[in-house]
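target-v3.cif, holding mmCIF, C-alpha atoms and all ligand atoms:
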data_work
loop_
_atom_site.label_atom_id
_atom_site.label_comp_id
_atom_site.auth_asym_id
_atom_site.auth_seq_id
_atom_site.Cartn_x
_atom_site.Cartn_y
_atom_site.Cartn_z
CA MET A 1 -119.96 33.14 56.66
CA ASP A 2 -120.97 33.59 53.03
CA ASN A 3 -120.00 37.25 53.07
CA TRP A 4 -116.65 36.74 54.77
CA ASN A 5 -113.62 37.71 52.75
CA ILE A 6 -111.45 34.86 51.56
CA GLU A 7 -108.72 35.40 54.21
CA THR A 8 -111.32 34.82 56.93
CA LYS A 9 -112.84 31.83 55.14
CA LEU A 10 -109.39 30.23 54.78
CA ILE A 11 -108.96 30.28 58.53
CA GLN A 12 -112.48 29.96 59.94
CA CYS A 13 -114.60 27.84 57.57
CA GLY A 14 -115.09 24.09 57.82
CA TYR A 15 -114.71 23.65 61.56
CA GLN A 16 -116.44 25.53 64.36
CA PRO A 17 -115.72 23.83 67.69
CA LYS A 18 -118.33 23.97 70.43
CA SER A 19 -117.45 24.86 73.98
CA GLY A 20 -114.71 22.58 75.32
CA GLU A 21 -113.92 20.96 71.97
CA PRO A 22 -110.44 21.00 70.38
CA ARG A 23 -109.48 24.35 68.85
CA VAL A 24 -107.86 22.62 65.87
CA VAL A 25 -109.81 20.19 63.69
CA PRO A 26 -109.06 16.72 65.13
CA ILE A 27 -107.68 13.93 62.97
CA THR A 28 -110.43 11.35 63.15
CA GLN A 29 -108.39 8.24 62.48
CA SER A 30 -111.31 5.84 62.55
CA THR A 31 -112.65 3.67 59.76
CA THR A 32 -116.14 3.62 61.17
CA TYR A 33 -118.70 5.25 63.46
CA LYS A 34 -120.88 3.81 66.20
CA TYR A 35 -124.70 3.99 66.18
CA ASP A 36 -127.29 2.99 68.79
CA THR A 37 -129.86 1.41 66.49
CA CYS A 38 -130.08 -0.51 63.23
CA ALA A 39 -132.62 1.99 61.96
CA GLU A 40 -130.11 4.83 62.16
CA VAL A 41 -127.62 2.92 60.03
CA ALA A 42 -130.31 1.89 57.56
CA ALA A 43 -131.31 5.53 57.13
CA LEU A 44 -127.68 6.40 56.37
CA PHE A 45 -127.52 3.66 53.74
CA ASP A 46 -130.67 5.01 52.13
CA LEU A 47 -129.29 8.56 52.12
CA GLU A 48 -132.25 9.60 54.24
CA SER A 49 -130.11 11.00 56.99
CA VAL A 50 -126.74 12.70 56.99
CA GLY A 51 -123.85 11.29 58.98
CA HIS A 52 -120.60 9.39 58.81
CA MET A 53 -120.83 5.66 58.32
CA TYR A 54 -117.56 4.45 56.87
CA SER A 55 -114.37 6.39 56.04
CA ARG A 56 -114.29 5.18 52.44
CA ILE A 57 -117.27 7.50 51.87
CA SER A 58 -116.88 10.32 54.40
CA ASN A 59 -114.90 11.27 57.50
CA PRO A 60 -115.16 14.27 59.87
CA THR A 61 -111.61 15.56 59.21
CA VAL A 62 -112.06 15.26 55.47
CA SER A 63 -115.50 16.91 55.77
CA ALA A 64 -113.94 19.96 57.42
CA PHE A 65 -111.57 20.32 54.47
CA GLU A 66 -114.45 19.79 52.01
CA GLU A 67 -116.62 22.39 53.69
CA LYS A 68 -113.83 24.92 53.61
CA MET A 69 -113.19 24.23 49.91
CA THR A 70 -116.91 24.63 49.19
CA ALA A 71 -116.87 28.03 50.86
CA LEU A 72 -113.66 29.12 49.14
CA GLU A 73 -114.92 28.27 45.65
CA ASN A 74 -118.45 29.57 46.25
CA GLY A 75 -119.85 26.12 45.56
CA VAL A 76 -122.64 24.09 47.18
CA THR A 77 -120.80 20.89 48.10
CA ALA A 78 -117.40 19.25 47.65
CA VAL A 79 -115.76 15.84 47.69
CA ALA A 80 -112.08 15.35 48.55
CA THR A 81 -110.24 12.66 46.64
CA ALA A 82 -107.06 10.62 46.95
CA SER A 83 -105.31 12.76 44.32
CA GLY A 84 -105.84 15.47 41.75
CA GLN A 85 -105.90 12.77 39.10
CA THR A 86 -108.83 11.10 40.89
CA ALA A 87 -110.68 14.41 41.04
CA SER A 88 -110.29 14.95 37.29
CA MET A 89 -111.30 11.40 36.45
CA LEU A 90 -114.38 11.27 38.68
CA SER A 91 -115.50 14.75 37.60
CA ILE A 92 -115.86 13.37 34.08
CA LEU A 93 -117.13 9.88 34.92
CA ASN A 94 -119.94 11.41 37.00
CA VAL A 95 -121.60 12.64 33.79
CA CYS A 96 -119.96 10.68 31.00
CA SER A 97 -120.19 6.90 30.56
CA SER A 98 -118.88 4.34 28.13
CA GLY A 99 -119.78 5.23 24.55
CA GLN A 100 -119.84 8.96 25.29
CA SER A 101 -117.34 11.76 24.79
CA PHE A 102 -116.09 14.94 26.43
CA ILE A 103 -114.10 17.91 25.24
CA ALA A 104 -110.78 18.97 26.76
CA THR A 105 -108.32 21.71 25.95
CA SER A 106 -105.06 20.36 24.53
CA ASN A 107 -102.78 22.31 26.89
CA LEU A 108 -103.56 20.13 29.92
CA TYR A 109 -101.19 18.95 32.63
CA GLY A 110 -99.37 15.84 31.32
CA GLY A 111 -100.84 13.46 33.88
CA THR A 112 -104.37 14.55 33.00
CA ALA A 113 -103.59 14.16 29.29
CA ASN A 114 -102.39 10.59 29.88
CA LEU A 115 -105.48 9.79 31.90
CA PHE A 116 -107.83 11.22 29.28
CA THR A 117 -106.06 9.93 26.16
CA HIS A 118 -105.34 6.39 27.28
CA THR A 119 -107.02 5.22 30.49
CA MET A 120 -110.38 6.91 29.88
CA LYS A 121 -110.31 5.55 26.33
CA ASN A 122 -110.00 2.05 27.79
CA PHE A 123 -113.15 2.84 29.80
CA GLY A 124 -114.88 3.60 26.48
CA VAL A 125 -114.95 7.34 27.17
CA GLU A 126 -113.59 9.43 24.31
CA VAL A 127 -111.73 12.71 24.74
CA ILE A 128 -111.91 15.32 21.98
CA TYR A 129 -109.06 17.82 22.26
CA VAL A 130 -109.56 21.43 21.21
CA ASP A 131 -107.25 24.44 20.97
CA GLN A 132 -108.37 26.84 23.68
CA ASN A 133 -107.65 29.77 21.37
CA ALA A 134 -110.16 28.50 18.75
CA SER A 135 -113.21 30.64 18.04
CA LEU A 136 -116.51 29.85 19.72
CA GLU A 137 -117.86 28.59 16.38
CA GLU A 138 -114.97 26.20 15.97
CA LEU A 139 -115.24 25.00 19.56
CA LEU A 140 -118.95 24.29 19.04
CA SER A 141 -118.21 22.32 15.87
CA HIS A 142 -116.44 19.68 18.03
CA VAL A 143 -119.54 18.94 20.12
CA LYS A 144 -121.18 15.65 19.21
CA GLU A 145 -124.54 14.26 20.22
CA ASN A 146 -122.83 12.13 22.87
CA THR A 147 -120.62 14.91 24.30
CA ARG A 148 -121.21 15.37 28.01
CA ALA A 149 -118.67 17.85 29.42
CA ILE A 150 -115.94 20.38 28.73
CA PHE A 151 -112.69 20.23 30.74
CA ALA A 152 -110.09 23.01 30.88
CA GLU A 153 -107.43 24.48 33.19
CA SER A 154 -107.83 28.03 34.48
CA LEU A 155 -104.05 28.50 34.33
CA ALA A 156 -102.53 25.67 32.33
CA ASN A 157 -99.66 23.62 33.76
CA PRO A 158 -97.06 24.21 32.36
CA ALA A 159 -98.30 26.14 29.31
CA MET A 160 -99.24 29.09 31.57
CA ASP A 161 -102.20 29.92 29.32
CA VAL A 162 -105.12 31.69 31.01
CA LEU A 163 -108.56 30.32 30.16
CA ASP A 164 -110.89 32.70 28.34
CA PHE A 165 -113.76 32.20 30.78
CA ASP A 166 -116.21 34.36 28.82
CA LYS A 167 -115.76 32.24 25.71
CA PHE A 168 -115.75 28.90 27.51
CA SER A 169 -118.80 29.64 29.65
CA LYS A 170 -120.67 30.63 26.47
CA PHE A 171 -119.37 27.45 24.85
CA ALA A 172 -120.75 25.31 27.69
CA LYS A 173 -124.03 27.17 27.81
CA THR A 174 -124.62 26.90 24.06
CA ALA A 175 -123.62 23.23 24.01
CA GLY A 176 -125.83 22.48 27.04
CA ILE A 177 -123.07 20.66 28.94
CA PRO A 178 -121.14 21.50 32.12
CA LEU A 179 -117.81 23.31 32.14
CA ILE A 180 -115.32 21.62 34.50
CA VAL A 181 -112.31 23.75 35.39
CA ASP A 182 -109.07 22.55 36.95
CA ASN A 183 -108.16 25.49 39.19
CA THR A 184 -104.99 23.98 40.68
CA PHE A 185 -102.48 26.70 39.80
CA PRO A 186 -104.46 29.83 40.74
CA THR A 187 -106.07 28.23 43.81
CA PRO A 188 -109.31 29.81 45.09
CA PHE A 189 -107.26 32.77 46.28
CA LEU A 190 -106.38 33.93 42.76
CA CYS A 191 -109.42 32.73 40.81
CA ASN A 192 -112.98 31.52 41.43
CA PRO A 193 -114.09 29.68 38.28
CA ILE A 194 -117.69 29.22 39.44
CA ASP A 195 -118.14 33.00 39.58
CA LEU A 196 -116.77 33.13 36.02
CA GLY A 197 -119.25 30.63 34.53
CA ALA A 198 -117.75 27.25 35.35
CA HIS A 199 -120.08 24.58 36.77
CA ILE A 200 -117.62 22.25 38.47
CA VAL A 201 -114.15 22.97 39.86
CA VAL A 202 -111.41 20.41 40.47
CA HIS A 203 -108.09 20.84 42.24
CA SER A 204 -104.94 18.94 42.83
CA SER A 205 -104.63 19.98 46.49
CA THR A 206 -101.14 18.46 46.31
CA LYS A 207 -99.91 21.79 44.96
CA TYR A 208 -100.44 25.22 46.56
CA ILE A 209 -103.36 24.14 48.76
CA ASP A 210 -101.12 21.81 50.75
CA GLY A 211 -98.22 24.00 49.75
CA HIS A 212 -95.66 22.22 51.92
CA ALA A 213 -95.24 19.12 49.75
CA THR A 214 -96.61 16.73 52.35
CA SER A 215 -99.88 15.33 50.95
CA VAL A 216 -101.19 14.12 47.62
CA GLY A 217 -104.88 14.95 47.29
CA GLY A 218 -107.65 16.41 45.19
CA VAL A 219 -111.08 17.91 45.47
CA ILE A 220 -114.19 18.31 43.32
CA ILE A 221 -116.45 21.29 44.04
CA ASP A 222 -119.98 21.41 42.69
CA GLY A 223 -121.04 24.97 41.84
CA GLY A 224 -124.71 23.96 41.94
CA LYS A 225 -125.49 26.05 38.86
CA PHE A 226 -125.99 23.51 36.09
CA ASP A 227 -129.63 22.73 35.29
CA TRP A 228 -129.43 18.93 34.96
CA ASN A 229 -133.19 18.60 34.57
CA LYS A 230 -133.22 20.91 31.57
CA TYR A 231 -130.87 18.48 29.78
CA SER A 232 -132.34 15.39 31.40
CA GLU A 233 -131.93 13.20 28.31
CA LYS A 234 -128.16 13.78 28.45
CA PHE A 235 -127.77 13.18 32.17
CA PRO A 236 -130.04 10.29 33.15
CA GLY A 237 -127.59 9.35 35.92
CA LEU A 238 -128.68 12.50 37.74
CA THR A 239 -132.31 12.75 36.74
CA THR A 240 -133.61 9.17 36.69
CA PRO A 241 -133.78 6.53 39.46
CA ASP A 242 -130.52 5.08 40.82
CA LYS A 243 -131.05 1.34 41.33
CA SER A 244 -128.19 1.19 43.83
CA TYR A 245 -130.26 3.43 46.15
CA HIS A 246 -133.74 1.91 45.69
CA GLY A 247 -134.66 4.25 42.86
CA LEU A 248 -133.53 7.54 44.40
CA ILE A 249 -133.32 10.45 41.90
CA TYR A 250 -130.40 12.76 42.66
CA THR A 251 -131.89 15.99 41.36
CA GLU A 252 -135.13 15.34 43.27
CA ALA A 253 -133.48 14.31 46.51
CA PHE A 254 -130.58 16.79 46.57
CA GLY A 255 -131.55 19.69 44.31
CA ASN A 256 -128.57 21.70 43.14
CA MET A 257 -126.16 19.46 45.09
CA ALA A 258 -127.10 16.47 42.89
CA TYR A 259 -123.81 16.28 41.01
CA GLY A 260 -121.59 16.51 44.10
CA ILE A 261 -123.66 14.06 46.14
CA LYS A 262 -123.57 11.57 43.27
CA VAL A 263 -119.76 11.75 43.10
CA ARG A 264 -119.61 10.70 46.74
CA THR A 265 -122.45 8.23 47.03
CA GLN A 266 -121.73 6.38 43.77
CA LEU A 267 -118.18 6.92 42.58
CA ILE A 268 -116.38 7.39 45.89
CA ARG A 269 -118.49 4.65 47.49
CA ASP A 270 -117.52 2.28 44.69
CA THR A 271 -113.90 3.19 44.06
CA GLY A 272 -112.80 4.24 47.56
CA ALA A 273 -110.56 6.91 46.01
CA TYR A 274 -111.19 9.18 48.98
CA MET A 275 -108.80 11.47 50.83
CA SER A 276 -107.31 10.12 54.06
CA PRO A 277 -107.95 11.98 57.36
CA MET A 278 -104.24 12.71 57.80
CA ASN A 279 -103.96 14.26 54.35
CA ALA A 280 -107.12 16.28 54.92
CA PHE A 281 -105.64 17.60 58.17
CA LEU A 282 -102.41 18.65 56.44
CA SER A 283 -104.23 20.10 53.41
CA ASN A 284 -106.45 22.10 55.74
CA ASN A 285 -103.37 23.34 57.59
CA GLY A 286 -102.03 24.50 54.24
CA LEU A 287 -105.23 26.40 53.47
CA GLU A 288 -104.90 28.41 56.68
CA THR A 289 -101.95 30.33 55.20
CA LEU A 290 -102.86 30.15 51.50
CA HIS A 291 -103.49 33.89 51.19
CA LEU A 292 -100.10 34.80 52.66
CA ARG A 293 -98.26 32.21 50.66
CA MET A 294 -99.92 32.99 47.31
CA GLU A 295 -99.19 36.69 47.65
CA ARG A 296 -95.52 35.97 48.23
CA HIS A 297 -95.32 33.25 45.55
CA CYS A 298 -96.72 35.76 43.03
CA LYS A 299 -94.44 38.56 44.20
CA ASN A 300 -91.28 36.42 44.11
CA ALA A 301 -92.17 34.95 40.71
CA GLN A 302 -92.87 38.39 39.26
CA LYS A 303 -89.48 39.67 40.42
CA ILE A 304 -87.58 36.67 39.08
CA ALA A 305 -89.53 36.57 35.79
CA GLU A 306 -88.69 40.24 35.24
CA PHE A 307 -85.05 39.48 35.93
CA LEU A 308 -85.02 36.59 33.44
CA ALA A 309 -86.96 38.49 30.77
CA THR A 310 -84.03 40.88 30.30
CA ASN A 311 -81.24 38.32 30.74
CA ASP A 312 -79.32 37.65 27.51
CA LYS A 313 -78.88 33.91 28.26
CA ILE A 314 -82.65 33.40 28.12
CA SER A 315 -84.28 32.79 24.74
CA TRP A 316 -87.89 33.19 25.89
CA ILE A 317 -90.05 33.31 29.03
CA LYS A 318 -93.76 32.80 29.58
CA TYR A 319 -95.40 34.31 32.64
CA PRO A 320 -98.81 35.99 32.36
CA GLY A 321 -97.65 38.62 34.88
CA LEU A 322 -95.15 40.05 32.38
CA ALA A 323 -96.40 43.00 30.33
CA GLY A 324 -96.31 41.84 26.73
CA ASP A 325 -97.04 38.19 27.58
CA GLU A 326 -99.78 36.79 25.31
CA ASN A 327 -101.89 36.03 28.41
CA TYR A 328 -101.24 39.31 30.22
CA ASN A 329 -104.67 40.82 29.52
CA ALA A 330 -106.55 37.60 30.27
CA ALA A 331 -104.63 37.32 33.54
CA LYS A 332 -105.57 40.88 34.47
CA LYS A 333 -109.20 40.10 33.69
CA TYR A 334 -109.59 36.72 35.37
CA LEU A 335 -106.82 36.25 37.95
CA LYS A 336 -105.78 38.14 41.07
CA GLY A 337 -102.19 36.99 40.43
CA CYS A 338 -100.29 34.56 38.24
CA SER A 339 -98.96 32.06 40.81
CA GLY A 340 -95.32 31.21 41.41
CA VAL A 341 -94.79 29.21 38.24
CA PHE A 342 -93.37 30.26 34.89
CA THR A 343 -91.59 28.62 32.00
CA PHE A 344 -88.62 29.65 29.91
CA GLY A 345 -85.92 28.39 27.60
CA VAL A 346 -82.21 29.09 27.77
CA LYS A 347 -80.10 29.79 24.70
CA GLY A 348 -78.52 26.51 23.64
CA GLY A 349 -81.78 24.58 24.02
CA ALA A 350 -82.47 21.44 26.04
CA GLU A 351 -78.78 20.60 26.52
CA ALA A 352 -77.87 23.99 27.96
CA GLY A 353 -81.07 23.85 30.00
CA GLU A 354 -80.00 20.59 31.60
CA LYS A 355 -76.63 22.08 32.55
CA PHE A 356 -78.39 25.08 34.03
CA MET A 357 -80.74 22.91 36.09
CA ASN A 358 -77.90 20.74 37.40
CA ALA A 359 -76.00 23.86 38.47
CA LEU A 360 -78.79 25.29 40.63
CA ASN A 361 -78.33 25.05 44.38
CA ILE A 362 -81.50 26.39 46.01
CA PHE A 363 -83.89 25.37 43.23
CA ALA A 364 -84.20 21.59 43.53
CA ILE A 365 -84.89 19.20 40.67
CA VAL A 366 -88.08 17.52 41.84
CA VAL A 367 -91.23 16.16 40.22
CA HIS A 368 -93.37 18.70 41.96
CA VAL A 369 -94.56 22.26 41.65
CA ALA A 370 -96.26 24.86 43.80
CA ASP A 371 -94.32 24.08 46.95
CA LEU A 372 -92.90 26.65 49.36
CA ARG A 373 -89.43 25.34 48.44
CA SER A 374 -88.27 26.52 45.03
CA SER A 375 -88.00 23.83 42.41
CA VAL A 376 -87.37 23.28 38.75
CA LEU A 377 -88.37 20.60 36.27
CA HIS A 378 -87.93 19.70 32.60
CA PRO A 379 -91.40 18.60 31.40
CA ALA A 380 -90.31 17.06 28.09
CA SER A 381 -88.17 14.45 29.87
CA MET A 382 -90.23 14.26 33.06
CA THR A 383 -93.96 15.06 33.57
CA HIS A 384 -94.79 15.01 29.85
CA ARG A 385 -92.42 12.17 28.93
CA GLN A 386 -95.25 9.75 28.04
CA LEU A 387 -96.62 12.15 25.41
CA ASP A 388 -95.22 11.99 21.88
CA GLU A 389 -93.62 15.11 20.42
CA GLN A 390 -96.80 16.23 18.68
CA GLU A 391 -98.80 15.86 21.90
CA GLN A 392 -96.08 17.67 23.83
CA LEU A 393 -96.22 20.63 21.45
CA ALA A 394 -100.03 20.70 21.71
CA ALA A 395 -99.60 20.79 25.50
CA GLY A 396 -97.28 23.78 25.10
CA VAL A 397 -94.18 21.75 25.97
CA THR A 398 -91.21 22.54 23.72
CA PRO A 399 -87.98 20.49 24.08
CA ASP A 400 -86.16 23.42 25.71
CA LEU A 401 -88.94 24.36 28.16
CA ILE A 402 -87.91 24.64 31.81
CA ARG A 403 -90.66 24.96 34.42
CA MET A 404 -89.64 26.95 37.41
CA SER A 405 -91.67 26.95 40.62
CA VAL A 406 -90.71 29.89 42.75
CA GLY A 407 -90.96 29.28 46.47
CA LEU A 408 -91.04 31.50 49.50
CA GLU A 409 -87.30 31.98 50.02
CA ASN A 410 -85.83 35.46 49.65
CA ALA A 411 -86.17 36.51 46.00
CA ASP A 412 -82.66 38.00 45.88
CA ASP A 413 -81.14 34.71 47.06
CA LEU A 414 -83.10 32.92 44.34
CA ILE A 415 -81.90 35.36 41.70
CA ALA A 416 -78.31 34.90 42.86
CA ASP A 417 -78.73 31.13 42.52
CA ILE A 418 -80.09 31.52 38.98
CA GLU A 419 -77.27 33.91 38.06
CA GLN A 420 -74.52 31.55 39.16
CA ALA A 421 -76.19 28.63 37.34
CA LEU A 422 -76.59 30.63 34.14
CA ALA A 423 -72.90 31.56 34.36
CA GLN A 424 -72.03 27.87 34.16
CA ILE A 425 -73.59 27.25 30.73
C1 LIG B 501 -100.54 17.99 39.59
C2 LIG B 501 -101.72 18.35 38.81
C3 LIG B 501 -102.78 17.44 38.65
C4 LIG B 501 -102.74 16.06 39.22
O1 LIG B 501 -102.76 16.09 40.58
P1 LIG B 501 -102.15 14.94 41.55
O2 LIG B 501 -102.51 15.42 42.89
O3 LIG B 501 -100.69 14.88 41.28
O4 LIG B 501 -102.83 13.66 41.17
C5 LIG B 501 -103.88 17.86 37.94
N1 LIG B 501 -103.94 19.08 37.40
C6 LIG B 501 -102.94 19.98 37.52
C7 LIG B 501 -103.07 21.33 36.90
C8 LIG B 501 -101.80 19.65 38.24
O5 LIG B 501 -100.80 20.54 38.35
#

Written form, C-alpha cells:
Amino acid sequence: MDNWNIETKLIQCGYQPKSGEPRVVPITQSTTYKYDTCAEVAALFDLESVGHMYSRISNPTVSAFEEKMTALENGVTAVATASGQTASMLSILNVCSSGQSFIATSNLYGGTANLFTHTMKNFGVEVIYVDQNASLEELLSHVKENTRAIFAESLANPAMDVLDFDKFSKFAKTAGIPLIVDNTFPTPFLCNPIDLGAHIVVHSSTKYIDGHATSVGGVIIDGGKFDWNKYSEKFPGLTTPDKSYHGLIYTEAFGNMAYGIKVRTQLIRDTGAYMSPMNAFLSNNGLETLHLRMERHCKNAQKIAEFLATNDKISWIKYPGLAGDENYNAAKKYLKGCSGVFTFGVKGGAEAGEKFMNALNIFAIVVHVADLRSSVLHPASMTHRQLDEQEQLAAGVTPDLIRMSVGLENADDLIADIEQALAQI
C-alpha cells in the first residue's frame, strides 16, 4: 500500500472489507462498543490494547478516514477533528502550554488568526507572528526559550502565498521545534508537506477534501519525524510520565507515533472535539474523487485567471499558476497545481467589487471556498472582518480583494458569467 500512487490510495486506503462485509465503509452510528470482560475494557483504558471504546475518542468510520489521510500525507498516524479550527488549535496545544509561545506566519486564514491572537492568548499561549518572506536569520531571531512550534500554511488562504518549505524546514530544524503546516488548499493531491520537511500536517477537510460542501471537519497527521526525545526538556508532555495514564510515557510506549497518539488520548479524550461518523463517511466519499476534482479545479482556475489577467476591468490578480506571479516559481517547486482559488481586485475598488459580486449568477456569494460549486467572497467584510486593518493587510487582505473559488462547472460558462457581471460595473 505504501508504494501505491495517490489515485489508488484515495480510493483503496483506510478500509479493506473481508469476505461478505460491506463494500463501502459503513457508518458506525454507535456511541460505544461491547466487550465480553472487564479486563478487556481496562486494557483499553490503560492504552495497553487497541480498540474502540467510546466514540468521543475513536470510531470505526472515523478511523477509516484517518487511516486514509495518514497514507495520503505519508504520515504515521492521524486524528480527525470536529473542524479545521479544532485541528489547528489541538496541533499547537499538544506541544505548547500556558506560559509558552509559538510562531505563526502572518498570512494565515482569518479564523486561524482569530483563534491564535485572541482565544489562545486567553489560554496563556502566546503567538508570535512572522513575515514568511523574512530571511532565515530574521525568522530565528523571533524564537524564544519558551517557543514550542512553528505554524504556517502551504498555500495561504486567501493570500495565495506558497510556503518556502526549504527555508521553513531549516528554520524548524535549527530552532529545534516542530513545523506544523496547514495543507488545506493544496490537499495531499497537490502537496505533501511531510516530504518537504514539515513534522505535522493539519487540514480543514471542510474544503476540497469533502469538496461537496456537506461536512465541517479537520484532521491532524503526525509525520513521525520529529525527535521529541532529543528536545526532551522542551516537550515533557511527550517524554515524561502522563499521570492521567498511570505514568505512561508517550515516546516510550508509542515511538514515532507519540505526538499523534497524545492528541487523541489526551486532548480529544478531554475536549471531545472529534469528527462525527457521518461527517467522516462524507469526507471519505469526497476523498475518493479528490484527484479528479483537483485536476479540474486547477484547470478551470488557470483558464479563468488567465482570462482575468488580461481584462482591463481588473486592477490586479494573484494566482501562483500565472507566469509572472510572485509565487510562480515556488508553486512550480512545491505544488503539483495551485488549486481552484485566486484573488483579484476590480478597478473602482471595494465598491465596484461589491457590484460585481452581486451581479454574478453562477458564482454564489457564500462563506465557503473549495467547493465543487463556484463561489465568491469578500474577505475584508466577511472571513477577515474581525481583524483590524493592519492585521488584514498582514494577512494579505486588501479592502478591494475578492476571493474567487472556481468550481467544476464548464469554464466557458463561468467566464461568461464573469464577463456579464464585469459589464455591469
Ligand atoms: C477553512 C480553513 C480553516 C478552518 O477550517 P474549518 O473547517 O472551517 O474550521 C483552517 N485553515 C484554512 C486554510 C482554511 O481554509

For ligand LIG 501 (chain B), collect every residue having any atom at a distance of at most 9 Å from a ligand atom (counting all atoms listed in the file); output as a ChimeraX atom specification. /A:82-88,108-112,153-158,182-185,202-207,215-218,368-370

Who sits within 9 Å of Leu238 in chain A, only C-alpha atoms, same chain under 3 positions skipped, as a list in words: Asn94, Val95, Trp228, Asn229, Ser232, Phe235, Pro241, Asp242, Ile249, Tyr250, Thr251, Glu252, Ala258, Tyr259 and Lys262 of chain A

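Nearest to Leu401 in chain A of all the residues A:Phe171, A:Phe342, A:Tyr328, A:Tyr208 is A:Phe342, based on only C-alpha atoms.
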
Residues of range 213-274 of chain A that have any atom at most 8 Å from an atom of range 42-65 of chain A: could you tabulate them with the shortest-distance atom pair and the distance in Å to one decimal, using only C-alpha atoms, ordered by chain and increasing number, as JSON lines?
{"residue": "A:Tyr245", "atom": "CA", "partner": "A:Asp46", "partner_atom": "CA", "distance": 6.2}
{"residue": "A:His246", "atom": "CA", "partner": "A:Asp46", "partner_atom": "CA", "distance": 7.8}
{"residue": "A:Arg264", "atom": "CA", "partner": "A:Ile57", "partner_atom": "CA", "distance": 6.5}
{"residue": "A:Thr265", "atom": "CA", "partner": "A:Ile57", "partner_atom": "CA", "distance": 7.1}
{"residue": "A:Ile268", "atom": "CA", "partner": "A:Ile57", "partner_atom": "CA", "distance": 6.0}
{"residue": "A:Arg269", "atom": "CA", "partner": "A:Ile57", "partner_atom": "CA", "distance": 5.4}
{"residue": "A:Gly272", "atom": "CA", "partner": "A:Arg56", "partner_atom": "CA", "distance": 5.2}
{"residue": "A:Ala273", "atom": "CA", "partner": "A:Arg56", "partner_atom": "CA", "distance": 7.6}
{"residue": "A:Tyr274", "atom": "CA", "partner": "A:Arg56", "partner_atom": "CA", "distance": 6.1}

Contacts of range 284-293 of chain A within 8 Å, only C-alpha atoms, excl. fewer than 5 positions in-chain, as an NGL selection string: :A and (7 or 10-11 or 64-65 or 189 or 208-212 or 372 or 408)

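Counting only C-alpha atoms, the residue from A:Cys13, A:Ile92, A:Cys338, A:Ile177 that sits nearest to Lys299 in chain A is A:Cys338.
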
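With all atoms listed in the file as the atoms that count, the residue of A:Leu140, A:Met278, A:Ser135, A:Glu73 with the shortest distance to Ile103 in chain A is A:Leu140.
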
What is the CA of Phe363 in chain A to CA of Ala395 in chain A distance in Å? 24.1 Å

Taking 3 positions as the minimum chain separation for residues in the same chain, which residues sit within 7 Å of range 375-384 of chain A when counting all atoms listed in the file? Answer as a PyMOL selection string. chain A and resi 110+363-367+369+387+392+397+399+401-406

Could you tell me, as a CSV table (one decimal) with C-alpha atoms, keeping the file's coordinate frame, which residues have any atom at most 12 Å from (-113.2, 28.0, 17.6), counting all atoms listed in the file?
chain,number,residue,atom,x,y,z
A,105,THR,CA,-108.3,21.7,26.0
A,129,TYR,CA,-109.1,17.8,22.3
A,130,VAL,CA,-109.6,21.4,21.2
A,131,ASP,CA,-107.2,24.4,21.0
A,132,GLN,CA,-108.4,26.8,23.7
A,133,ASN,CA,-107.6,29.8,21.4
A,134,ALA,CA,-110.2,28.5,18.8
A,135,SER,CA,-113.2,30.6,18.0
A,136,LEU,CA,-116.5,29.8,19.7
A,137,GLU,CA,-117.9,28.6,16.4
A,138,GLU,CA,-115.0,26.2,16.0
A,139,LEU,CA,-115.2,25.0,19.6
A,140,LEU,CA,-119.0,24.3,19.0
A,141,SER,CA,-118.2,22.3,15.9
A,142,HIS,CA,-116.4,19.7,18.0
A,143,VAL,CA,-119.5,18.9,20.1
A,164,ASP,CA,-110.9,32.7,28.3
A,167,LYS,CA,-115.8,32.2,25.7
A,168,PHE,CA,-115.8,28.9,27.5
A,170,LYS,CA,-120.7,30.6,26.5
A,171,PHE,CA,-119.4,27.4,24.8

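Here CA of Ala423 in chain A stands at a distance of 8.5 Å from CA of Phe356 in chain A.
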
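Considering the residues A:Leu196, A:Met357, A:Cys96, A:Val127 and counting only C-alpha atoms, Arg148 in chain A has its shortest atom-to-atom contact with A:Cys96.
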
For Lys313 in chain A, which of A:Met69, A:Val341, A:Leu422, A:Ile261 is the closest residue, counting all atoms listed in the file? A:Leu422

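Taking CA of Pro178 in chain A and CA of Phe226 in chain A as endpoints, the distance between them is 6.6 Å.
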